[in-house]
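Asks: So here's coords11.txt (compact mmCIF, C-alpha atoms and all ligand atoms).
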# COMPACT_ATOMS: atom_id res chain seq x y z
CA LEU R 1 2.79 22.91 20.82
CA PRO R 2 1.94 19.45 22.19
CA ALA R 3 4.59 16.93 21.21
CA LYS R 4 2.70 14.75 18.75
CA LEU R 5 4.89 12.13 17.04
CA PRO R 6 8.03 13.51 18.74
CA ASN R 7 10.32 11.03 17.00
CA ALA R 8 8.96 11.45 13.49
CA GLY R 9 11.25 12.97 10.90
CA THR R 10 10.34 13.64 7.29
CA THR R 11 8.96 10.63 5.42
CA ILE R 12 11.60 8.78 3.41
CA PHE R 13 9.57 9.26 0.21
CA THR R 14 9.85 13.02 0.45
CA VAL R 15 13.52 12.81 1.42
CA MET R 16 14.56 10.50 -1.42
CA SER R 17 12.49 12.24 -4.10
CA ALA R 18 14.08 15.57 -3.14
CA LEU R 19 17.57 14.03 -3.16
CA ALA R 20 16.90 12.43 -6.55
CA ALA R 21 15.74 15.75 -8.00
CA GLU R 22 18.72 17.59 -6.54
CA HIS R 23 21.23 15.14 -8.06
CA GLY R 24 19.46 14.38 -11.33
CA ALA R 25 19.04 10.75 -10.29
CA VAL R 26 16.55 8.37 -11.88
CA ASN R 27 13.91 8.19 -9.18
CA LEU R 28 13.09 4.56 -8.47
CA GLY R 29 12.47 5.48 -4.81
CA GLN R 30 8.99 6.81 -4.16
CA GLY R 31 6.30 4.54 -5.60
CA PHE R 32 4.48 6.32 -8.41
CA PRO R 33 4.27 5.84 -12.19
CA ASP R 34 6.26 8.23 -14.41
CA PHE R 35 3.81 7.62 -17.28
CA GLY R 36 0.34 9.00 -17.88
CA ALA R 37 -3.01 7.47 -17.04
CA ASP R 38 -5.47 6.26 -19.69
CA PRO R 39 -6.69 9.38 -21.58
CA ALA R 40 -10.21 7.89 -21.48
CA LEU R 41 -10.12 8.05 -17.68
CA LEU R 42 -8.87 11.63 -17.73
CA GLN R 43 -11.64 12.59 -20.13
CA THR R 44 -14.29 11.22 -17.76
CA VAL R 45 -13.16 13.71 -15.08
CA THR R 46 -13.59 16.61 -17.47
CA ASP R 47 -16.96 15.20 -18.50
CA ALA R 48 -18.05 14.89 -14.87
CA MET R 49 -17.14 18.51 -14.16
CA ALA R 50 -18.87 19.71 -17.33
CA ALA R 51 -21.95 17.73 -16.29
CA GLY R 52 -22.05 19.74 -13.05
CA HIS R 53 -20.70 17.21 -10.56
CA ASN R 54 -18.87 19.86 -8.57
CA GLN R 55 -20.65 20.10 -5.21
CA TYR R 56 -20.39 17.92 -2.13
CA PRO R 57 -21.31 14.33 -2.83
CA PRO R 58 -22.85 12.26 -0.01
CA MET R 59 -20.59 11.96 3.04
CA THR R 60 -19.91 8.28 2.31
CA GLY R 61 -19.08 8.85 -1.37
CA VAL R 62 -20.78 9.00 -4.78
CA PRO R 63 -23.35 6.16 -4.83
CA ALA R 64 -22.35 4.94 -8.30
CA LEU R 65 -18.73 4.55 -7.17
CA ARG R 66 -19.72 2.74 -3.97
CA ARG R 67 -21.85 0.39 -6.08
CA ALA R 68 -19.00 -0.21 -8.52
CA VAL R 69 -16.60 -0.96 -5.65
CA ALA R 70 -19.05 -3.32 -3.90
CA ASP R 71 -19.86 -5.13 -7.16
CA LYS R 72 -16.20 -5.63 -8.00
CA LEU R 73 -15.25 -6.86 -4.51
CA ASN R 74 -18.24 -9.19 -4.34
CA ALA R 75 -17.61 -10.64 -7.80
CA LEU R 76 -13.90 -11.15 -7.15
CA TYR R 77 -13.94 -12.33 -3.56
CA GLY R 78 -17.38 -13.86 -3.01
CA SER R 79 -18.27 -11.29 -0.38
CA ALA R 80 -21.61 -9.52 0.02
CA TYR R 81 -20.63 -5.93 0.82
CA ASP R 82 -23.54 -3.54 0.62
CA ALA R 83 -22.80 -0.39 -1.40
CA ASP R 84 -24.72 1.84 1.01
CA GLY R 85 -23.80 0.35 4.35
CA ASP R 86 -20.34 -1.14 3.88
CA ILE R 87 -18.34 0.98 1.43
CA THR R 88 -16.89 4.43 2.21
CA ILE R 89 -14.89 6.43 -0.33
CA THR R 90 -11.72 7.88 1.23
CA ALA R 91 -8.95 10.35 0.48
CA GLY R 92 -6.62 7.58 -0.66
CA GLY R 93 -5.55 4.47 1.16
CA THR R 94 -3.69 6.56 3.73
CA GLN R 95 -6.85 8.13 5.11
CA GLY R 96 -8.61 4.77 5.03
CA LEU R 97 -5.85 3.30 7.16
CA ILE R 98 -5.71 6.04 9.77
CA THR R 99 -9.48 6.39 10.12
CA ALA R 100 -9.96 2.63 10.38
CA LEU R 101 -7.28 2.48 13.07
CA HIS R 102 -8.80 5.31 15.03
CA ALA R 103 -12.21 3.66 14.78
CA CYS R 104 -11.03 0.52 16.53
CA VAL R 105 -8.16 1.38 18.88
CA GLY R 106 -7.75 3.67 21.85
CA ALA R 107 -5.35 4.65 24.61
CA GLY R 108 -3.35 1.73 25.96
CA ASP R 109 -4.21 -0.66 23.12
CA GLU R 110 -1.59 -2.53 21.13
CA VAL R 111 -1.61 -3.09 17.39
CA ILE R 112 0.48 -5.82 15.78
CA VAL R 113 2.45 -4.57 12.81
CA ILE R 114 4.20 -7.13 10.64
CA GLU R 115 7.55 -5.64 9.69
CA PRO R 116 8.83 -4.36 7.33
CA ALA R 117 5.68 -2.21 7.28
CA TYR R 118 4.51 0.77 5.24
CA ASP R 119 5.65 3.90 7.00
CA SER R 120 2.26 5.44 7.79
CA TYR R 121 1.10 2.60 10.07
CA ASP R 122 3.28 3.40 13.06
CA PRO R 123 2.38 7.13 13.32
CA ALA R 124 -1.29 6.41 12.63
CA ILE R 125 -1.36 3.94 15.53
CA ARG R 126 0.47 6.32 17.88
CA LEU R 127 -1.85 9.20 16.99
CA GLY R 128 -4.71 6.91 18.04
CA GLY R 129 -3.11 6.62 21.48
CA ALA R 130 -2.17 2.99 20.87
CA MET R 131 1.23 1.30 20.61
CA PRO R 132 2.57 -0.46 17.52
CA VAL R 133 4.09 -3.87 18.31
CA GLY R 134 6.48 -4.82 15.51
CA VAL R 135 6.70 -8.48 14.53
CA PRO R 136 9.49 -9.13 12.00
CA MET R 137 8.83 -11.32 8.97
CA THR R 138 11.09 -14.33 8.39
CA ALA R 139 14.45 -13.87 6.63
CA ASP R 140 12.75 -14.43 3.26
CA TYR R 141 9.87 -12.06 4.02
CA ARG R 142 7.14 -14.53 4.92
CA ILE R 143 4.77 -13.79 7.77
CA ASP R 144 6.02 -15.51 10.92
CA TRP R 145 2.74 -16.61 12.48
CA SER R 146 4.32 -18.12 15.57
CA ALA R 147 5.98 -14.76 16.25
CA VAL R 148 2.62 -13.05 15.68
CA ARG R 149 0.97 -15.41 18.18
CA ALA R 150 3.73 -14.75 20.69
CA ALA R 151 3.21 -10.99 20.36
CA VAL R 152 -0.49 -11.08 21.28
CA THR R 153 -1.23 -9.74 24.77
CA PRO R 154 -4.50 -8.93 26.56
CA ARG R 155 -4.08 -5.38 25.23
CA THR R 156 -3.83 -6.37 21.55
CA ARG R 157 -6.79 -4.88 19.68
CA ALA R 158 -5.86 -5.10 16.04
CA LEU R 159 -3.38 -6.34 13.45
CA MET R 160 -2.20 -4.65 10.28
CA LEU R 161 -2.02 -6.91 7.22
CA ASN R 162 -0.55 -5.79 3.90
CA THR R 163 -0.76 -8.04 0.85
CA PRO R 164 0.63 -7.76 -1.81
CA HIS R 165 3.34 -6.46 0.46
CA ASN R 166 5.21 -3.18 0.22
CA PRO R 167 8.25 -3.26 0.30
CA SER R 168 9.05 -6.99 -0.04
CA GLY R 169 6.76 -7.80 -2.98
CA ARG R 170 5.53 -10.93 -1.21
CA VAL R 171 1.93 -12.09 -1.66
CA ALA R 172 0.17 -13.76 1.28
CA SER R 173 -1.23 -17.26 0.72
CA ALA R 174 -4.67 -18.61 1.57
CA ASP R 175 -3.02 -20.47 4.46
CA ASP R 176 -1.67 -17.15 5.77
CA LEU R 177 -5.17 -15.69 5.72
CA ARG R 178 -6.64 -18.76 7.41
CA GLU R 179 -4.04 -18.59 10.17
CA LEU R 180 -4.72 -14.88 10.60
CA GLY R 181 -8.44 -15.67 10.82
CA ARG R 182 -7.81 -18.20 13.61
CA ILE R 183 -5.64 -15.78 15.59
CA ALA R 184 -8.02 -12.86 15.12
CA GLU R 185 -11.00 -14.94 16.19
CA GLN R 186 -9.25 -16.51 19.17
CA HIS R 187 -8.13 -13.12 20.52
CA ASP R 188 -11.02 -11.05 19.19
CA LEU R 189 -8.83 -8.72 17.09
CA PHE R 190 -9.74 -6.27 14.38
CA VAL R 191 -7.80 -6.54 11.13
CA ILE R 192 -6.82 -3.57 9.00
CA SER R 193 -6.07 -5.09 5.64
CA ASP R 194 -4.07 -2.89 3.30
CA GLU R 195 -4.80 -4.28 -0.18
CA VAL R 196 -3.86 -1.26 -2.30
CA TYR R 197 -1.78 -3.51 -4.63
CA GLU R 198 -4.59 -6.08 -5.03
CA HIS R 199 -4.39 -6.00 -8.85
CA MET R 200 -0.63 -6.50 -9.09
CA VAL R 201 0.14 -10.19 -8.60
CA PHE R 202 2.49 -12.15 -10.84
CA ASP R 203 3.10 -15.61 -12.28
CA GLY R 204 -0.51 -16.66 -11.80
CA ALA R 205 -0.56 -15.84 -8.07
CA VAL R 206 -3.97 -15.08 -6.61
CA HIS R 207 -4.61 -12.11 -4.34
CA GLN R 208 -6.01 -13.39 -1.06
CA SER R 209 -8.27 -10.66 0.23
CA VAL R 210 -9.73 -10.73 3.73
CA ALA R 211 -13.04 -10.41 1.87
CA ARG R 212 -12.72 -14.05 0.75
CA PHE R 213 -12.80 -15.42 4.31
CA ALA R 214 -16.11 -15.02 6.15
CA GLY R 215 -14.66 -15.06 9.67
CA LEU R 216 -12.04 -12.47 8.77
CA ARG R 217 -14.32 -10.28 6.70
CA GLU R 218 -16.59 -9.60 9.66
CA ARG R 219 -13.72 -8.14 11.72
CA SER R 220 -11.76 -6.42 8.94
CA PHE R 221 -11.42 -2.99 7.41
CA LEU R 222 -10.34 -3.64 3.81
CA VAL R 223 -8.41 -0.65 2.45
CA GLY R 224 -8.08 -0.02 -1.31
CA SER R 225 -6.68 2.76 -3.52
CA PHE R 226 -7.47 3.81 -7.08
CA GLY R 227 -4.17 5.68 -7.31
CA LYS R 228 -2.26 2.42 -7.68
CA THR R 229 -4.74 0.62 -9.89
CA PHE R 230 -5.28 3.37 -12.45
CA HIS R 231 -1.87 5.13 -12.39
CA VAL R 232 -3.22 8.26 -10.68
CA THR R 233 -1.50 8.37 -7.30
CA GLY R 234 -2.06 12.13 -7.09
CA TRP R 235 -5.84 11.78 -7.12
CA LYS R 236 -5.80 10.33 -3.61
CA VAL R 237 -9.07 8.45 -3.90
CA GLY R 238 -9.52 5.10 -2.20
CA PHE R 239 -12.10 3.14 -0.27
CA VAL R 240 -12.73 1.18 2.87
CA ALA R 241 -14.98 -1.87 2.85
CA ALA R 242 -16.15 -3.15 6.23
CA PRO R 243 -19.27 -4.78 7.70
CA PRO R 244 -22.03 -2.47 8.99
CA ALA R 245 -20.92 -2.01 12.61
CA LEU R 246 -17.33 -1.32 11.57
CA SER R 247 -18.38 0.98 8.75
CA ALA R 248 -20.63 2.91 11.12
CA ALA R 249 -17.71 3.45 13.51
CA PHE R 250 -15.50 4.43 10.57
CA ARG R 251 -18.02 6.94 9.26
CA ARG R 252 -18.49 8.58 12.66
CA LEU R 253 -14.86 9.71 12.38
CA HIS R 254 -14.77 10.20 8.62
CA GLN R 255 -17.65 12.69 8.68
CA TYR R 256 -15.79 15.09 10.96
CA THR R 257 -12.24 14.62 9.69
CA VAL R 258 -12.71 14.45 5.92
CA PHE R 259 -16.49 14.51 5.41
CA THR R 260 -16.20 13.51 1.76
CA VAL R 261 -13.85 13.31 -1.23
CA HIS R 262 -13.40 15.20 -4.52
CA THR R 263 -16.62 14.76 -6.54
CA PRO R 264 -15.67 14.67 -10.26
CA THR R 265 -12.98 12.03 -9.83
CA GLN R 266 -15.48 9.80 -8.03
CA HIS R 267 -17.89 10.04 -10.97
CA ALA R 268 -15.02 9.39 -13.36
CA LEU R 269 -13.87 6.31 -11.46
CA ALA R 270 -17.44 4.97 -11.28
CA ALA R 271 -17.78 5.24 -15.06
CA TYR R 272 -14.31 3.81 -15.71
CA LEU R 273 -14.91 0.78 -13.48
CA ALA R 274 -17.69 -0.35 -15.82
CA ASP R 275 -14.94 -1.88 -17.98
CA PRO R 276 -12.92 -4.51 -16.10
CA ALA R 277 -10.14 -4.61 -18.73
CA PRO R 278 -7.90 -1.91 -17.19
CA TRP R 279 -7.54 -3.54 -13.77
CA GLN R 280 -7.65 -7.04 -15.21
CA GLY R 281 -4.65 -6.18 -17.37
CA LEU R 282 -2.62 -4.59 -14.60
CA SER R 283 -0.81 -7.72 -13.37
CA GLY R 284 0.37 -8.55 -16.90
CA PHE R 285 1.43 -4.96 -17.49
CA TYR R 286 3.58 -4.83 -14.37
CA GLN R 287 4.84 -8.39 -14.71
CA ALA R 288 6.42 -7.40 -18.05
CA LYS R 289 8.09 -4.42 -16.38
CA ARG R 290 9.27 -6.56 -13.49
CA ASP R 291 10.78 -9.11 -15.86
CA ALA R 292 12.53 -6.49 -18.00
CA PHE R 293 13.92 -4.73 -14.94
CA ARG R 294 15.13 -7.96 -13.34
CA ALA R 295 16.77 -9.05 -16.58
CA ALA R 296 18.50 -5.67 -16.88
CA LEU R 297 19.91 -5.97 -13.36
CA ALA R 298 21.41 -9.41 -13.96
CA GLY R 299 25.16 -9.02 -13.99
CA THR R 300 25.22 -6.24 -11.41
CA GLY R 301 26.30 -7.25 -7.94
CA LEU R 302 22.74 -6.82 -6.71
CA LYS R 303 20.89 -9.95 -5.61
CA LEU R 304 17.26 -9.87 -6.68
CA LEU R 305 14.76 -11.03 -4.09
CA PRO R 306 11.53 -12.70 -5.20
CA CYS R 307 8.86 -10.28 -6.41
CA GLU R 308 5.40 -11.88 -6.42
CA GLY R 309 3.33 -8.70 -6.49
CA THR R 310 3.29 -4.86 -6.11
CA TYR R 311 5.47 -2.63 -8.27
CA PHE R 312 8.52 -2.93 -6.03
CA GLN R 313 11.70 -4.94 -6.46
CA THR R 314 13.81 -5.44 -3.35
CA VAL R 315 17.50 -6.25 -3.76
CA ASP R 316 20.30 -7.36 -1.46
CA TYR R 317 23.38 -5.21 -2.09
CA GLY R 318 25.58 -7.00 0.48
CA ALA R 319 27.99 -8.16 -2.23
CA VAL R 320 28.75 -4.61 -3.40
CA SER R 321 28.71 -2.51 -0.25
CA ASP R 322 28.84 -2.68 3.50
CA LEU R 323 27.08 0.64 4.07
CA PRO R 324 23.95 0.63 6.23
CA GLU R 325 20.75 0.80 4.17
CA LEU R 326 20.01 4.53 4.46
CA ASP R 327 23.61 5.47 3.68
CA PHE R 328 23.67 3.11 0.71
CA ALA R 329 20.39 4.52 -0.66
CA ARG R 330 21.84 8.04 -0.40
CA TRP R 331 25.12 6.98 -2.00
CA LEU R 332 23.27 5.20 -4.80
CA THR R 333 21.29 8.38 -5.45
CA THR R 334 24.13 10.88 -5.34
CA GLU R 335 26.98 8.78 -6.81
CA ILE R 336 25.34 6.25 -9.12
CA GLY R 337 22.31 8.35 -10.05
CA VAL R 338 19.51 5.97 -9.10
CA ALA R 339 17.26 6.62 -6.09
CA ALA R 340 16.01 3.72 -3.97
CA ILE R 341 14.28 3.28 -0.62
CA PRO R 342 16.17 1.68 2.30
CA LEU R 343 14.15 -1.02 4.01
CA SER R 344 15.37 0.15 7.43
CA VAL R 345 12.66 2.85 7.44
CA PHE R 346 9.98 0.15 7.53
CA TYR R 347 11.07 -1.14 10.95
CA GLN R 348 10.86 0.15 14.52
CA ARG R 349 14.20 -1.44 15.45
CA PRO R 350 17.46 -1.42 13.48
CA GLN R 351 18.06 -4.47 11.26
CA GLN R 352 21.33 -5.98 10.08
CA ARG R 353 20.23 -6.44 6.48
CA ARG R 354 21.51 -4.82 3.31
CA HIS R 355 18.26 -4.36 1.39
CA VAL R 356 16.86 -1.51 -0.70
CA ARG R 357 13.68 -1.24 -2.77
CA PHE R 358 13.32 -0.06 -6.36
CA CYS R 359 9.97 0.98 -7.88
CA PHE R 360 9.48 -0.37 -11.41
CA ALA R 361 6.25 1.55 -12.17
CA LYS R 362 8.26 3.48 -14.75
CA ARG R 363 8.52 3.84 -18.52
CA ASP R 364 10.71 1.22 -20.16
CA GLU R 365 13.26 3.95 -21.04
CA THR R 366 13.43 5.04 -17.40
CA LEU R 367 14.06 1.49 -16.23
CA ALA R 368 16.66 0.94 -18.95
CA GLU R 369 18.50 4.14 -17.99
CA ALA R 370 18.45 3.18 -14.31
CA ALA R 371 19.71 -0.31 -15.11
CA GLN R 372 22.52 1.11 -17.26
CA ARG R 373 23.67 3.35 -14.42
CA LEU R 374 23.55 0.43 -11.99
CA GLN R 375 25.46 -1.78 -14.45
CA ARG R 376 28.15 0.88 -14.79
CA GLY R 377 28.41 1.65 -11.09
CA LEU R 378 28.02 -1.67 -9.30
N1 LIG Z 401 -0.49 1.37 1.70
C1 LIG Z 401 0.61 1.01 1.03
C2 LIG Z 401 1.21 -0.33 1.30
C3 LIG Z 401 1.18 1.89 0.11
O1 LIG Z 401 2.28 1.53 -0.54
C4 LIG Z 401 0.58 3.15 -0.09
C5 LIG Z 401 1.15 4.19 -1.02
N2 LIG Z 401 1.95 3.80 -1.97
C6 LIG Z 401 -0.58 3.46 0.60
C7 LIG Z 401 -1.08 2.56 1.50
C8 LIG Z 401 -1.26 4.79 0.45
O2 LIG Z 401 -2.09 4.84 -0.63
P1 LIG Z 401 -2.68 6.25 -1.12
O3 LIG Z 401 -1.64 6.88 -1.96
O4 LIG Z 401 -3.92 5.88 -1.87
O5 LIG Z 401 -2.98 7.05 0.10
N1 LIG Z 402 3.36 4.38 -1.05
C1 LIG Z 402 4.40 4.93 -1.85
C2 LIG Z 402 5.66 4.10 -1.68
O1 LIG Z 402 5.69 3.16 -0.92
C3 LIG Z 402 4.72 6.35 -1.49
C4 LIG Z 402 3.63 7.18 -0.97
C5 LIG Z 402 4.17 8.43 -0.33
O2 LIG Z 402 4.97 9.11 -0.94
N2 LIG Z 402 3.77 8.71 0.86
O3 LIG Z 402 6.61 4.41 -2.30
Would you put the structure from the file into structure tokens?
Replies:
Amino acid sequence: LPAKLPNAGTTIFTVMSALAAEHGAVNLGQGFPDFGADPALLQTVTDAMAAGHNQYPPMTGVPALRRAVADKLNALYGSAYDADGDITITAGGTQGLITALHACVGAGDEVIVIEPAYDSYDPAIRLGGAMPVGVPMTADYRIDWSAVRAAVTPRTRALMLNTPHNPSGRVASADDLRELGRIAEQHDLFVISDEVYEHMVFDGAVHQSVARFAGLRERSFLVGSFGKTFHVTGWKVGFVAAPPALSAAFRRLHQYTVFTVHTPTQHALAAYLADPAPWQGLSGFYQAKRDAFRAALAGTGLKLLPCEGTYFQTVDYGAVSDLPELDFARWLTTEIGVAAIPLSVFYQRPQQRRHVRFCFAKRDETLAEAAQRLQRGL
């Protein structure tokens, strides 16, 4: 076999979920809710199937869902995406990311990846023949724009942005987006903007989408996911919004790699999006969980880092252990009974930090049980 991704092991999410199951640990590792989705949403899928929506939809996605996505983006961010030309429904955010990357990079290109970075970026870039160039965030997980500028070379073709940011929970500011816009314009870069946590921002923070900034919007692939927003990560339905030329390039690949996505769930999501209340209430819903979880961890030796968005809480465990991050995450799972994700897996190069990530998209009882175990053990 050709040696594709020769250095790739098994993704940390699979590894830690398996370890958690094996040891009966509370799984705060892999990011997914342990509670059900809105029964009304589930019913709309059944209804769509009963209504006969079971054959291939158009290659680009069910028109009603593309319209709902374009309308929501345009209302929220002041953009003017066209439902037919600029929105493509994808098999989750993951496919949106890899197809967008493949649409704009090729052999010998470089892609700037702000680290820590979600673990699918690096392999997606390499599979496209390009090279990921990691640029670490600052010590408190802000984007270091001078380091980004210093990393640009004549081969740089694109930059990966992720806000709200997994794993740090940071939310990029309007100034961050403006600086990105200047850099992208100056060096003629594409931007792949991973905004799957767009509806999880806390304490009144505002999600700064690339769609809000005209100069950025015209060179960006905006990636979204319904799995996060509606508590259905297993549906794997997302979207990519991009201006016509970029969407055309995206669709050239999409039509032969995926062609189209599960029909009934697209109809269900289109119907469900008619009511803004579910996604409008999401930040408040997760802010309450964040606050309860943080309060429950007070008194452990874990230092809580700021969490401005996403459903992840990163902690510094330096006061309780000297183990490297992966070893600590394993120890926490097998000995304390709580699974976490080590931040080391989100970097190309080893770091000296002592940080792990907990997912708080869990029932209150689950979070309370995890906190109790951590209180007892640390
Ligand atoms: N980007 C980020 C930052 C994520 O955390 C995830 C998954 N949790 C994805 C993309 C992938 O989204 P999906 O499950 O819709 O493929
Ligand atoms: N994105 C999720 C996380 O960060 C996991 C998705 C996956 O399992 N690949 O935890």
Asks: Show me, as a PyMOL selection string, the residues that have an atom within 6 Å of Thr90 in chain R when counting all atoms listed in the file, minus same-chain residues fewer than 5 positions from it.
Replies: chain R and resi 96+237-239
Asks: Counting all atoms listed in the file, which of R:Cys104, R:Leu269, R:Ala147, R:Ile12 gets nearest to Thr46 in chain R?
Replies: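 Checking each candidate against Thr46 in chain R, we get R:Leu269 as the closest.
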Asks: Which residues sit within 9 Å of ligand LIG 402 (chain Z), counting all atoms listed in the file, listed as a list in words?
Replies: Thr11, Ile12, Phe13, Thr14, Ser17, Leu28, Gly29, Gln30, Gly31, Phe32, Thr94, Tyr118, Asp119, Ser120, Asn166, Pro167, Lys228, Thr233, Phe312, Ile341 and Cys359 of chain R
Asks: Hey, could you pull the box centre and edge lengths for range 105-116 of chain R, axis-aligned, 4 Å padding per side, all listed atoms, to one decimal in Å, as AutoDock Vina command-line options?
Replies:
--center_x 0.3 --center_y -1.2 --center_z 16.6 --size_x 25.0 --size_y 19.8 --size_z 26.6
Asks: Which polymer residues have any atom within 9 Å of an atom of Phe35 in chain R, counting only C-alpha atoms, with same-chain residues fewer than 6 positions away left out, as a PyMOL selection string?
Replies: chain R and resi 231+361-363
Asks: Residues at most 12 Å from range 6-9 of chain R, counting all atoms listed in the file, excluding those fewer than 6 positions away in the same chain, as a list in words?
Replies: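 Surrounding residues, per the criterion: Val15, Asp119, Ser120, Asp122, Pro123, Ala124, Arg126, Leu127, Val345 and Gln348 of chain R.
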Asks: Using all atoms listed in the file, find the one residue out of R:Val191, R:Ala292, R:Val111, R:Val258 that sits nearest to Gln313 in chain R.
Replies: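 Smallest distance to Gln313 in chain R is found for R:Ala292.
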Asks: Compile the contact shell of range 199-212 of chain R as number ranges by chain: residues with an atom at most 10 Å away, counting only C-alpha atoms, same-chain residues fewer than 5 positions apart removed.
Replies: R: 73-74, 76-81, 161-164, 169-178, 180-181, 191-194, 217-222, 228-229, 241-242, 278-288, 290, 307-311
Asks: Just how far from CA of Ala158 in chain R is CA of Ala107 in chain R, in Å to one decimal?
Replies: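 Interatomic distance here is 13.0 Å.
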Asks: Could you pull the residues within 6 Å of range 318-328 of chain R, counting all atoms listed in the file, minus those fewer than 5 positions along the same chain, as a list in words?
Replies: Gly301, Pro342 and Arg354 of chain R
Asks: If I take CA of Ala103 in chain R and CA of Phe259 in chain R, how far is one from the other in Å, to one decimal?
Replies: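 So the two atoms, CA of Ala103 in chain R and CA of Phe259 in chain R, lie 15.0 Å apart.
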Asks: Between R:Lys236, R:His262, R:Arg142, R:Arg157, which has the minimum distance to ligand LIG 401 (chain Z) (counting only C-alpha atoms and all ligand atoms)?
Replies: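 Counting only C-alpha atoms and all ligand atoms, the residue closest to ligand LIG 401 (chain Z) is R:Lys236.
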Asks: Of the candidates R:Tyr347, R:Asp82, R:Phe250, R:Phe358, which shows the shortest atom-to-atom distance to Val113 in chain R, using all atoms listed in the file?
Replies: R:Tyr347
Asks: For Pro57 in chain R, which of R:Ala21, R:Ala184, R:Ile89, R:Ala245 is the closest residue, counting only C-alpha atoms?
Replies: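 Closest to Pro57 in chain R of all the choices is R:Ile89.
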Asks: Point out the residue among R:Leu378, R:Leu273, R:Val356, R:Ala368 with the least atom-to-atom distance to Arg66 in chain R, counting all atoms listed in the file.
Replies: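 Result for the nearest residue to Arg66 in chain R: R:Leu273.
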Asks: Mind pulling up the distance from CA of Tyr121 in chain R to CA of Ala270 in chain R?
Replies: 28.4 Å
Asks: Mind listing as a PDB file with C-alpha atoms, in the coordinates of the input all residues within 6 Å of (-20.8, -1.0, 6.6), counting all atoms listed in the file?
Replies:
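Result went into selection13.pdb, see below:
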ATOM      1  CA  GLY R  85     -23.800   0.350   4.350  1.00  0.00           C
ATOM      2  CA  ASP R  86     -20.340  -1.140   3.880  1.00  0.00           C
ATOM      3  CA  ALA R 242     -16.150  -3.150   6.230  1.00  0.00           C
ATOM      4  CA  PRO R 243     -19.270  -4.780   7.700  1.00  0.00           C
ATOM      5  CA  PRO R 244     -22.030  -2.470   8.990  1.00  0.00           C
ATOM      6  CA  SER R 247     -18.380   0.980   8.750  1.00  0.00           C
ATOM      7  CA  ALA R 248     -20.630   2.910  11.120  1.00  0.00           C
TER       8      ALA R 248
END
Asks: Could you list as a PyMOL selection string every residue that has an atom within 12 Å of (-7.8, -1.0, 22.3), using the file's coordinates and counting all atoms listed in the file?
Replies: chain R and resi 101-112+125-126+128-132+153-159+188-190
Asks: Give me range 221-232 of chain R with N, CA and C atoms filled in, as an mmCIF file, in the coordinates of the input.
Replies:
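Result file follows (selection03.cif):
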data_model
loop_
_atom_site.group_PDB
_atom_site.id
_atom_site.type_symbol
_atom_site.label_atom_id
_atom_site.label_comp_id
_atom_site.auth_asym_id
_atom_site.auth_seq_id
_atom_site.Cartn_x
_atom_site.Cartn_y
_atom_site.Cartn_z
ATOM 1 N N PHE R 221 -11.304 -4.184 8.249
ATOM 2 C CA PHE R 221 -11.420 -2.990 7.410
ATOM 3 C C PHE R 221 -10.530 -3.253 6.195
ATOM 4 N N LEU R 222 -11.119 -3.399 5.036
ATOM 5 C CA LEU R 222 -10.340 -3.640 3.810
ATOM 6 C C LEU R 222 -10.073 -2.280 3.164
ATOM 7 N N VAL R 223 -8.790 -1.965 2.969
ATOM 8 C CA VAL R 223 -8.410 -0.650 2.450
ATOM 9 C C VAL R 223 -7.921 -0.792 1.008
ATOM 10 N N GLY R 224 -8.494 0.000 0.088
ATOM 11 C CA GLY R 224 -8.080 -0.020 -1.310
ATOM 12 C C GLY R 224 -7.744 1.377 -1.801
ATOM 13 N N SER R 225 -7.076 1.457 -2.973
ATOM 14 C CA SER R 225 -6.680 2.760 -3.520
ATOM 15 C C SER R 225 -6.756 2.738 -5.045
ATOM 16 N N PHE R 226 -7.422 3.726 -5.617
ATOM 17 C CA PHE R 226 -7.470 3.810 -7.080
ATOM 18 C C PHE R 226 -6.192 4.381 -7.658
ATOM 19 N N GLY R 227 -5.424 5.083 -6.832
ATOM 20 C CA GLY R 227 -4.170 5.680 -7.310
ATOM 21 C C GLY R 227 -3.242 4.642 -7.906
ATOM 22 N N LYS R 228 -3.147 3.490 -7.227
ATOM 23 C CA LYS R 228 -2.260 2.420 -7.680
ATOM 24 C C LYS R 228 -2.833 1.754 -8.929
ATOM 25 N N THR R 229 -4.125 1.449 -8.859
ATOM 26 C CA THR R 229 -4.740 0.620 -9.890
ATOM 27 C C THR R 229 -4.834 1.330 -11.229
ATOM 28 N N PHE R 230 -5.061 2.650 -11.188
ATOM 29 C CA PHE R 230 -5.280 3.370 -12.450
ATOM 30 C C PHE R 230 -4.191 4.407 -12.744
ATOM 31 N N HIS R 231 -3.034 4.261 -12.109
ATOM 32 C CA HIS R 231 -1.870 5.130 -12.390
ATOM 33 C C HIS R 231 -2.163 6.601 -12.115
ATOM 34 N N VAL R 232 -2.890 6.868 -11.039
ATOM 35 C CA VAL R 232 -3.220 8.260 -10.680
ATOM 36 C C VAL R 232 -2.997 8.466 -9.175
#
